[in-house]
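Below: my_file_11.cif (mmCIF, C-alpha atoms)
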data_run
loop_
_atom_site.label_atom_id
_atom_site.label_comp_id
_atom_site.auth_asym_id
_atom_site.auth_seq_id
_atom_site.Cartn_x
_atom_site.Cartn_y
_atom_site.Cartn_z
CA MET A 1 40.29 17.91 66.83
CA THR A 2 39.17 14.29 67.06
CA VAL A 3 40.93 12.03 64.58
CA ALA A 4 39.37 8.70 63.68
CA MET A 5 41.43 5.77 64.95
CA PRO A 6 42.82 3.26 62.43
CA ASP A 7 40.39 0.60 63.61
CA HIS A 8 37.52 2.88 62.56
CA PHE A 9 38.78 2.73 59.01
CA ASP A 10 39.27 -1.03 59.32
CA HIS A 11 35.61 -1.24 60.35
CA CYS A 12 34.61 0.82 57.30
CA GLU A 13 36.48 -1.50 54.97
CA ALA A 14 34.98 -4.60 56.57
CA ASN A 15 31.47 -3.18 56.38
CA LEU A 16 31.89 -2.10 52.77
CA ARG A 17 33.23 -5.50 51.77
CA LYS A 18 30.16 -7.12 53.33
CA GLN A 19 27.52 -4.64 52.13
CA ASP A 20 28.73 -3.78 48.62
CA ARG A 21 31.51 -5.95 47.26
CA ASP A 22 31.54 -4.15 43.90
CA LEU A 23 32.35 -0.85 45.59
CA TRP A 24 34.96 -2.52 47.76
CA LEU A 25 36.62 -4.07 44.71
CA ALA A 26 36.56 -0.73 42.90
CA CYS A 27 38.44 0.84 45.81
CA LEU A 28 41.23 -1.73 45.46
CA PHE A 29 42.34 -0.06 42.24
CA ALA A 30 42.56 3.42 43.80
CA PRO A 31 45.93 4.71 45.04
CA ALA A 32 46.81 3.12 48.37
CA THR A 33 47.21 6.54 49.98
CA VAL A 34 43.50 7.35 49.57
CA ARG A 35 41.95 3.89 49.72
CA ARG A 36 40.95 4.10 53.38
CA ASP A 37 39.25 7.44 52.83
CA LEU A 38 37.23 5.90 50.00
CA HIS A 39 36.26 3.01 52.29
CA ALA A 40 34.82 5.53 54.76
CA ILE A 41 32.87 7.40 52.07
CA TYR A 42 31.38 4.29 50.53
CA ALA A 43 30.73 2.57 53.87
CA PHE A 44 28.60 5.59 54.73
CA VAL A 45 26.82 5.48 51.36
CA SER A 46 26.08 1.76 51.75
CA GLU A 47 24.93 2.13 55.34
CA ILE A 48 22.43 4.83 54.43
CA ARG A 49 21.21 2.97 51.37
CA ASP A 50 20.47 -0.11 53.51
CA ILE A 51 18.42 1.66 56.18
CA ARG A 52 15.10 0.78 54.53
CA ALA A 53 15.89 -2.94 54.80
CA LYS A 54 16.89 -2.65 58.46
CA VAL A 55 13.86 -0.90 59.94
CA SER A 56 10.35 -2.15 60.52
CA GLN A 57 8.63 1.17 59.96
CA PRO A 58 9.42 4.49 58.24
CA LEU A 59 9.59 6.51 61.45
CA LEU A 60 12.50 4.40 62.70
CA GLY A 61 14.27 5.00 59.42
CA GLU A 62 13.71 8.74 59.68
CA MET A 63 15.15 8.65 63.21
CA ARG A 64 18.30 7.00 61.89
CA LEU A 65 18.62 9.56 59.10
CA ARG A 66 18.10 12.38 61.62
CA TRP A 67 20.88 10.97 63.80
CA TRP A 68 23.24 11.00 60.81
CA SER A 69 22.16 14.51 59.90
CA ASP A 70 22.78 15.78 63.43
CA THR A 71 26.15 14.02 63.49
CA LEU A 72 27.28 15.67 60.27
CA GLU A 73 25.93 19.04 61.39
CA SER A 74 28.34 18.80 64.35
CA LEU A 75 31.26 18.23 62.01
CA ASN A 76 33.40 20.93 63.60
CA LEU A 77 32.86 19.81 67.18
CA ASP A 78 35.60 17.95 69.01
CA VAL A 79 33.27 15.07 69.77
CA ALA A 80 33.41 11.37 68.99
CA HIS A 81 30.11 9.66 68.26
CA ALA A 82 31.00 6.08 69.20
CA HIS A 83 30.17 5.07 65.65
CA PRO A 84 33.21 4.03 63.63
CA VAL A 85 31.75 4.90 60.22
CA ALA A 86 30.55 8.30 61.43
CA ASP A 87 33.85 9.22 63.06
CA ALA A 88 35.91 8.03 60.09
CA LEU A 89 33.61 9.91 57.72
CA ARG A 90 33.88 13.16 59.68
CA ASP A 91 37.66 12.83 59.62
CA VAL A 92 37.66 12.30 55.84
CA MET A 93 35.30 15.22 55.27
CA ARG A 94 37.54 17.55 57.27
CA ARG A 95 40.81 16.57 55.63
CA ASN A 96 39.43 16.63 52.10
CA ALA A 97 37.19 19.69 52.49
CA LEU A 98 34.17 17.78 51.21
CA PRO A 99 30.93 19.80 51.07
CA ARG A 100 28.81 18.93 54.09
CA GLU A 101 25.62 20.13 52.41
CA GLU A 102 25.96 17.41 49.78
CA PHE A 103 26.06 14.74 52.49
CA LEU A 104 22.95 16.24 54.04
CA ARG A 105 21.21 16.19 50.66
CA LEU A 106 22.04 12.49 50.33
CA LEU A 107 20.40 11.83 53.70
CA GLU A 108 17.34 13.86 52.75
CA ALA A 109 17.02 12.06 49.40
CA HIS A 110 16.95 8.66 51.10
CA ILE A 111 13.82 9.60 53.04
CA PHE A 112 12.04 8.63 49.83
CA ASP A 113 13.20 5.03 50.30
CA LEU A 114 11.24 4.67 53.53
CA TYR A 115 7.76 5.22 52.11
CA ASP A 116 5.66 3.68 49.36
CA ASP A 117 4.85 6.94 47.59
CA PRO A 118 5.77 6.85 43.88
CA MET A 119 8.51 9.01 42.42
CA PRO A 120 6.52 12.10 41.34
CA THR A 121 8.43 13.21 38.24
CA ARG A 122 11.44 12.36 36.11
CA ALA A 123 13.13 15.51 37.39
CA ALA A 124 12.67 14.22 40.95
CA LEU A 125 14.25 10.90 39.97
CA GLU A 126 17.26 12.65 38.45
CA SER A 127 17.62 14.77 41.59
CA TYR A 128 17.52 11.58 43.68
CA CYS A 129 20.23 9.97 41.55
CA ARG A 130 22.34 13.12 41.66
CA SER A 131 22.30 13.20 45.46
CA THR A 132 22.65 9.47 46.14
CA CYS A 133 25.00 8.27 43.37
CA ALA A 134 26.60 11.12 41.44
CA ALA A 135 27.72 13.04 44.53
CA PRO A 136 29.63 10.08 46.09
CA ILE A 137 31.56 9.50 42.85
CA GLU A 138 32.43 13.19 42.76
CA TRP A 139 33.64 12.98 46.40
CA ALA A 140 35.80 10.00 45.46
CA ALA A 141 37.23 11.94 42.52
CA LYS A 142 38.15 14.85 44.78
CA ILE A 143 39.79 12.53 47.32
CA ILE A 144 41.83 10.88 44.58
CA GLY A 145 42.86 14.27 43.24
CA ALA A 146 41.14 14.11 39.87
CA PRO A 147 40.78 17.28 37.80
CA PRO A 148 37.26 18.72 37.41
CA SER A 149 35.25 16.80 34.82
CA ASN A 150 31.63 16.10 33.94
CA ALA A 151 32.62 12.43 33.64
CA PHE A 152 32.13 11.85 37.36
CA HIS A 153 28.69 13.45 37.52
CA ASP A 154 27.47 11.67 34.39
CA ALA A 155 28.84 8.29 35.51
CA GLY A 156 27.06 8.71 38.84
CA MET A 157 23.79 9.63 37.15
CA ALA A 158 24.04 6.57 34.90
CA LEU A 159 24.74 4.39 37.94
CA GLY A 160 21.84 5.84 39.93
CA LEU A 161 19.34 5.40 37.10
CA THR A 162 20.57 1.86 36.44
CA ARG A 163 20.22 0.89 40.10
CA THR A 164 16.66 2.19 40.34
CA LEU A 165 15.72 0.42 37.12
CA CYS A 166 17.18 -2.85 38.37
CA ALA A 167 15.15 -2.74 41.58
CA SER A 168 11.90 -4.67 41.66
CA ASP A 169 10.15 -1.72 43.36
CA GLN A 170 8.18 0.08 40.66
CA LYS A 171 7.74 3.18 42.82
CA PHE A 172 11.00 4.51 41.32
CA ILE A 173 9.42 4.67 37.85
CA PRO A 174 7.98 8.22 37.53
CA LEU A 175 4.86 8.46 35.41
CA ASP A 176 4.42 12.25 35.74
CA GLY A 177 0.70 11.87 36.36
CA SER A 178 0.14 9.39 33.52
CA PRO A 179 -2.01 6.24 33.86
CA THR A 180 -0.35 3.26 35.48
CA SER A 181 -0.94 0.40 33.08
CA PRO A 182 1.85 -2.13 32.45
CA GLN A 183 2.30 -0.55 29.02
CA ASP A 184 2.89 2.86 30.62
CA TYR A 185 5.52 1.46 32.95
CA SER A 186 7.21 -0.32 30.07
CA LYS A 187 7.30 2.85 27.96
CA VAL A 188 8.76 5.02 30.73
CA ARG A 189 11.21 2.30 31.66
CA ARG A 190 12.55 2.20 28.09
CA GLN A 191 12.94 5.97 28.16
CA LEU A 192 14.90 5.78 31.41
CA ILE A 193 17.13 3.03 30.04
CA LYS A 194 17.94 5.33 27.10
CA LEU A 195 18.64 8.18 29.54
CA ALA A 196 21.01 5.98 31.56
CA GLN A 197 22.76 4.91 28.35
CA ASP A 198 23.16 8.55 27.30
CA TYR A 199 24.67 9.51 30.66
CA TYR A 200 27.06 6.55 30.48
CA GLN A 201 28.18 7.43 26.96
CA ARG A 202 28.79 11.05 27.95
CA ALA A 203 30.84 9.88 30.92
CA LEU A 204 32.80 7.52 28.71
CA HIS A 205 33.53 10.30 26.23
CA ALA A 206 34.53 12.81 28.93
CA SER A 207 36.76 10.27 30.68
CA GLY A 208 39.01 10.16 27.64
CA ALA A 209 40.28 13.64 28.47
CA LEU A 210 41.14 12.81 32.09
CA THR A 211 44.83 12.81 32.94
CA SER A 212 44.27 11.30 36.39
CA GLY A 213 41.55 10.15 38.77
CA ARG A 214 39.80 7.70 36.47
CA GLU A 215 39.72 5.19 39.32
CA ALA A 216 36.78 7.17 40.72
CA LEU A 217 34.74 6.04 37.72
CA LEU A 218 35.14 2.33 38.43
CA PRO A 219 31.90 1.90 40.44
CA ALA A 220 30.07 2.78 37.21
CA SER A 221 32.00 0.31 35.07
CA VAL A 222 29.44 -2.49 35.59
CA ILE A 223 26.60 -0.39 34.17
CA PRO A 224 26.68 -1.90 30.63
CA LEU A 225 26.12 -5.39 32.06
CA PHE A 226 22.89 -4.29 33.71
CA LEU A 227 21.68 -2.06 30.88
CA GLU A 228 22.06 -4.95 28.46
CA GLN A 229 19.74 -7.12 30.52
CA LEU A 230 17.34 -4.27 31.20
CA ALA A 231 16.97 -3.61 27.48
CA GLN A 232 16.01 -7.25 26.93
CA ARG A 233 13.36 -7.47 29.65
CA ASP A 234 9.81 -6.14 29.44
CA TYR A 235 8.74 -4.39 32.62
CA ASP A 236 7.41 -7.03 35.00
CA PRO A 237 7.99 -6.59 38.77
CA ALA A 238 7.16 -10.27 39.27
CA GLN A 239 10.46 -11.17 37.63
CA GLY A 240 12.31 -9.60 40.54
CA PRO A 241 15.43 -7.43 40.42
CA ILE A 242 18.05 -7.70 37.69
CA THR A 243 21.10 -9.64 38.84
CA ILE A 244 24.52 -10.23 37.30
CA SER A 245 26.86 -12.97 38.52
CA PRO A 246 29.68 -11.75 40.80
CA LEU A 247 32.27 -13.24 38.44
CA ARG A 248 31.02 -11.21 35.48
CA ARG A 249 30.93 -8.02 37.55
CA GLN A 250 34.44 -8.62 38.87
CA TRP A 251 35.74 -9.30 35.36
CA ARG A 252 34.17 -6.05 34.13
CA LEU A 253 35.71 -4.10 37.01
CA TRP A 254 39.13 -5.61 36.39
CA ARG A 255 38.98 -4.88 32.66
CA ALA A 256 37.87 -1.30 33.28
CA ALA A 257 40.68 -0.83 35.81
CA ARG A 258 43.21 -2.04 33.24
CA ASN A 259 41.79 0.56 30.84
CA TYR A 260 41.95 3.23 33.56
CA GLY A 261 38.29 4.10 33.84
CA LEU A 262 35.06 2.92 32.24
#

So, in terms of structure tokens, how does the structure I just supplied come out?
Amino acid sequence: MTVAMPDHFDHCEANLRKQDRDLWLACLFAPATVRRDLHAIYAFVSEIRDIRAKVSQPLLGEMRLRWWSDTLESLNLDVAHAHPVADALRDVMRRNALPREEFLRLLEAHIFDLYDDPMPTRAALESYCRSTCAAPIEWAAKIIGAPPSNAFHDAGMALGLTRTLCASDQKFIPLDGSPTSPQDYSKVRRQLIKLAQDYYQRALHASGALTSGREALLPASVIPLFLEQLAQRDYDPAQGPITISPLRRQWRLWRAARNYGL
């Protein structure tokens, strides 16, 4: 069995710190014994999420996603792929018995990112968030050794919805066949903000019963900062994406870590 070398995990941490500092900071509060495994998981998540920005046309993005899919399909083969994130990820998946099919669903969901087609329905948006954001938080919870809880799923759903709402790309706003006037977008957007708030509140409530593993919830701890701004802004793509200063995000993460969760 091929075991990822330590420098592969070092590469994962370096990439994560560069690509998603919030996730990297959240990992700092996890137990040291599992921190490197979390770096590998989230380095993979960030790498896949950034494919759209790195390719000049959708076909090239699909080729990258197919390579990742083929790599994970060969999980049980004694083969190194000369890709530090891939080899570290495969090692983590083996040792923690993480469900390969969920990683494949994440890859499939991100095909949507590559094209300009609108999100067809609200159910499709929730499925997208479940595969791309809720699943990684649930993997982190399993790696940390957290007991089963809906808190991880609901926190991930809240995070996924919040991220799509904060993007300036209106294709993520599903209109379910409705007209596409600015008023329609604004109405659906308000409904999705309420849905994200509901998921976050359910996660917050469920987290109170956790005896361990709350560190897995930390990536979702910044959600209230973004939802507050989203609730104050009428839908206008020309305003660009919602942004929060790094200092405020870091303070929120630190405070949540001190409170052991959200």

**Message:** If we count only C-alpha atoms and set the cut-off at 7 Å, which residues sit around stretch 103-115 of chain A, ignoring sequence neighbours fewer than 5 positions away in its own chain? Please answer as a VMD selection string.
**Reply:** chain A and resid 52 58 61 to 62 65 69 128 131 to 132

Written selection (C-alpha atoms) as a tab-separated table (two decimals), in the coordinates of the input:
chain	number	residue	atom	x	y	z
A	52	ARG	CA	15.10	0.78	54.53
A	58	PRO	CA	9.42	4.49	58.24
A	61	GLY	CA	14.27	5.00	59.42
A	62	GLU	CA	13.71	8.74	59.68
A	65	LEU	CA	18.62	9.56	59.10
A	69	SER	CA	22.16	14.51	59.90
A	128	TYR	CA	17.52	11.58	43.68
A	131	SER	CA	22.30	13.20	45.46
A	132	THR	CA	22.65	9.47	46.14

Specify as a PDB file with C-alpha atoms, keeping the file's coordinate frame each residue included when the PyMOL selection byres ((chain A and resi 180-193) around 12) is applied to this file.
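out18.pdb, written as the output of this step:
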ATOM      1  CA  PRO A 118       5.770   6.850  43.880  1.00  0.00           C
ATOM      2  CA  THR A 121       8.430  13.210  38.240  1.00  0.00           C
ATOM      3  CA  ARG A 122      11.440  12.360  36.110  1.00  0.00           C
ATOM      4  CA  ALA A 123      13.130  15.510  37.390  1.00  0.00           C
ATOM      5  CA  LEU A 125      14.250  10.900  39.970  1.00  0.00           C
ATOM      6  CA  GLU A 126      17.260  12.650  38.450  1.00  0.00           C
ATOM      7  CA  MET A 157      23.790   9.630  37.150  1.00  0.00           C
ATOM      8  CA  ALA A 158      24.040   6.570  34.900  1.00  0.00           C
ATOM      9  CA  LEU A 159      24.740   4.390  37.940  1.00  0.00           C
ATOM     10  CA  GLY A 160      21.840   5.840  39.930  1.00  0.00           C
ATOM     11  CA  LEU A 161      19.340   5.400  37.100  1.00  0.00           C
ATOM     12  CA  THR A 162      20.570   1.860  36.440  1.00  0.00           C
ATOM     13  CA  ARG A 163      20.220   0.890  40.100  1.00  0.00           C
ATOM     14  CA  THR A 164      16.660   2.190  40.340  1.00  0.00           C
ATOM     15  CA  LEU A 165      15.720   0.420  37.120  1.00  0.00           C
ATOM     16  CA  CYS A 166      17.180  -2.850  38.370  1.00  0.00           C
ATOM     17  CA  ALA A 167      15.150  -2.740  41.580  1.00  0.00           C
ATOM     18  CA  ASP A 169      10.150  -1.720  43.360  1.00  0.00           C
ATOM     19  CA  GLN A 170       8.180   0.080  40.660  1.00  0.00           C
ATOM     20  CA  LYS A 171       7.740   3.180  42.820  1.00  0.00           C
ATOM     21  CA  PHE A 172      11.000   4.510  41.320  1.00  0.00           C
ATOM     22  CA  ILE A 173       9.420   4.670  37.850  1.00  0.00           C
ATOM     23  CA  PRO A 174       7.980   8.220  37.530  1.00  0.00           C
ATOM     24  CA  LEU A 175       4.860   8.460  35.410  1.00  0.00           C
ATOM     25  CA  ASP A 176       4.420  12.250  35.740  1.00  0.00           C
ATOM     26  CA  GLY A 177       0.700  11.870  36.360  1.00  0.00           C
ATOM     27  CA  SER A 178       0.140   9.390  33.520  1.00  0.00           C
ATOM     28  CA  PRO A 179      -2.010   6.240  33.860  1.00  0.00           C
ATOM     29  CA  LYS A 194      17.940   5.330  27.100  1.00  0.00           C
ATOM     30  CA  LEU A 195      18.640   8.180  29.540  1.00  0.00           C
ATOM     31  CA  ALA A 196      21.010   5.980  31.560  1.00  0.00           C
ATOM     32  CA  GLN A 197      22.760   4.910  28.350  1.00  0.00           C
ATOM     33  CA  ASP A 198      23.160   8.550  27.300  1.00  0.00           C
ATOM     34  CA  TYR A 199      24.670   9.510  30.660  1.00  0.00           C
ATOM     35  CA  TYR A 200      27.060   6.550  30.480  1.00  0.00           C
ATOM     36  CA  ILE A 223      26.600  -0.390  34.170  1.00  0.00           C
ATOM     37  CA  PRO A 224      26.680  -1.900  30.630  1.00  0.00           C
ATOM     38  CA  PHE A 226      22.890  -4.290  33.710  1.00  0.00           C
ATOM     39  CA  LEU A 227      21.680  -2.060  30.880  1.00  0.00           C
ATOM     40  CA  GLU A 228      22.060  -4.950  28.460  1.00  0.00           C
ATOM     41  CA  GLN A 229      19.740  -7.120  30.520  1.00  0.00           C
ATOM     42  CA  LEU A 230      17.340  -4.270  31.200  1.00  0.00           C
ATOM     43  CA  ALA A 231      16.970  -3.610  27.480  1.00  0.00           C
ATOM     44  CA  GLN A 232      16.010  -7.250  26.930  1.00  0.00           C
ATOM     45  CA  ARG A 233      13.360  -7.470  29.650  1.00  0.00           C
ATOM     46  CA  ASP A 234       9.810  -6.140  29.440  1.00  0.00           C
ATOM     47  CA  TYR A 235       8.740  -4.390  32.620  1.00  0.00           C
ATOM     48  CA  ASP A 236       7.410  -7.030  35.000  1.00  0.00           C
ATOM     49  CA  PRO A 237       7.990  -6.590  38.770  1.00  0.00           C
ATOM     50  CA  ALA A 238       7.160 -10.270  39.270  1.00  0.00           C
TER      51      ALA A 238
END

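Across A:Leu210, A:Ala30, A:Leu262, A:Ala86, the tightest approach to A:Pro148 is made by A:Leu210 when counting all atoms listed in the file.
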
**Message:** Just checking: using only C-alpha atoms, which residue out of A:Phe152, A:Gln250, A:Ala40, A:Thr243 ends up closest to A:Ser168?
**Reply:**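 Selected residue with least distance to A:Ser168: A:Thr243.
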
**Separation of atom CA of A:Arg95 from atom CA of A:His8, in Å and rounded to one decimal** =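 Atom CA of A:His8 lies 15.7 Å from atom CA of A:Arg95.
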
Matched chain/residue IDs from the PyMOL selection byres ((chain A and resi 9) around 8), as an mmCIF file with C-alpha atoms, keeping the file's coordinate frame:
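After the write, result-v9.cif holds the following:
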data_model
loop_
_atom_site.group_PDB
_atom_site.id
_atom_site.type_symbol
_atom_site.label_atom_id
_atom_site.label_comp_id
_atom_site.auth_asym_id
_atom_site.auth_seq_id
_atom_site.Cartn_x
_atom_site.Cartn_y
_atom_site.Cartn_z
ATOM 1 C CA ALA A 4 39.370 8.700 63.680
ATOM 2 C CA MET A 5 41.430 5.770 64.950
ATOM 3 C CA PRO A 6 42.820 3.260 62.430
ATOM 4 C CA ASP A 7 40.390 0.600 63.610
ATOM 5 C CA HIS A 8 37.520 2.880 62.560
ATOM 6 C CA ASP A 10 39.270 -1.030 59.320
ATOM 7 C CA HIS A 11 35.610 -1.240 60.350
ATOM 8 C CA CYS A 12 34.610 0.820 57.300
ATOM 9 C CA GLU A 13 36.480 -1.500 54.970
ATOM 10 C CA ARG A 36 40.950 4.100 53.380
ATOM 11 C CA ASP A 37 39.250 7.440 52.830
ATOM 12 C CA HIS A 39 36.260 3.010 52.290
ATOM 13 C CA ALA A 40 34.820 5.530 54.760
ATOM 14 C CA PRO A 84 33.210 4.030 63.630
ATOM 15 C CA VAL A 85 31.750 4.900 60.220
ATOM 16 C CA ALA A 88 35.910 8.030 60.090
#

**Request:** For the structure shown, which residues end up in the PyMOL selection byres ((chain A and resi 248) around 12)? Put them as a ChimeraX atom specification, please?
**Result:** /A:22,221-226,243-247,249-255

**Message:** For a quick check of understanding, using all atoms listed in the file, which of A:Pro219, A:Ile143, A:Ile242, A:Asn150 has the smallest distance to A:Ser207?
**Reply:**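 Among the listed residues, A:Asn150 lies closest to A:Ser207.
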
**Prompt:** So how many Å separate atom CA of A:Arg35 and atom CA of A:Glu138, to one decimal?
**Reply:**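 Going from atom CA of A:Arg35 over to atom CA of A:Glu138, I get 15.0 Å.
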
**Prompt:** What does the distance between atom CA of A:Ala43 and atom CA of A:Gln19 come to in Å, to one decimal place?
**Reply:**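 Distance reported for this atom pair: 8.1 Å.
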
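If you measure from each of A:Leu28, A:Val92, A:Ala53, A:Leu59 to A:Glu215 using all atoms listed in the file, the closest one turns out to be A:Leu28.
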
**Message:** Please return as a PyMOL selection string every residue within 9 Å of (34.9, 14.4, 47.2), taking into account all atoms listed in the file and the file's own coordinates.
**Reply:** chain A and resi 41+93+96-99+135-145

Exercise on stretch 82-93 of chain A, axis-aligned box with 3 Å per side, report centre and edge lengths in Å to one decimal, as AutoDock Vina command-line options:
--center_x 33.9 --center_y 9.6 --center_z 62.2 --size_x 13.5 --size_y 17.2 --size_z 19.9

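Considering only C-alpha atoms, the residue among A:Ala216, A:Ala124, A:Leu16, A:Val34 positioned nearest to A:Asp50 is A:Leu16.
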
**Message:** I'd like to know which of A:Arg100, A:Arg49, A:Cys27, A:Arg94 is closest to A:Leu72, using only C-alpha atoms.
**Reply:** A:Arg100
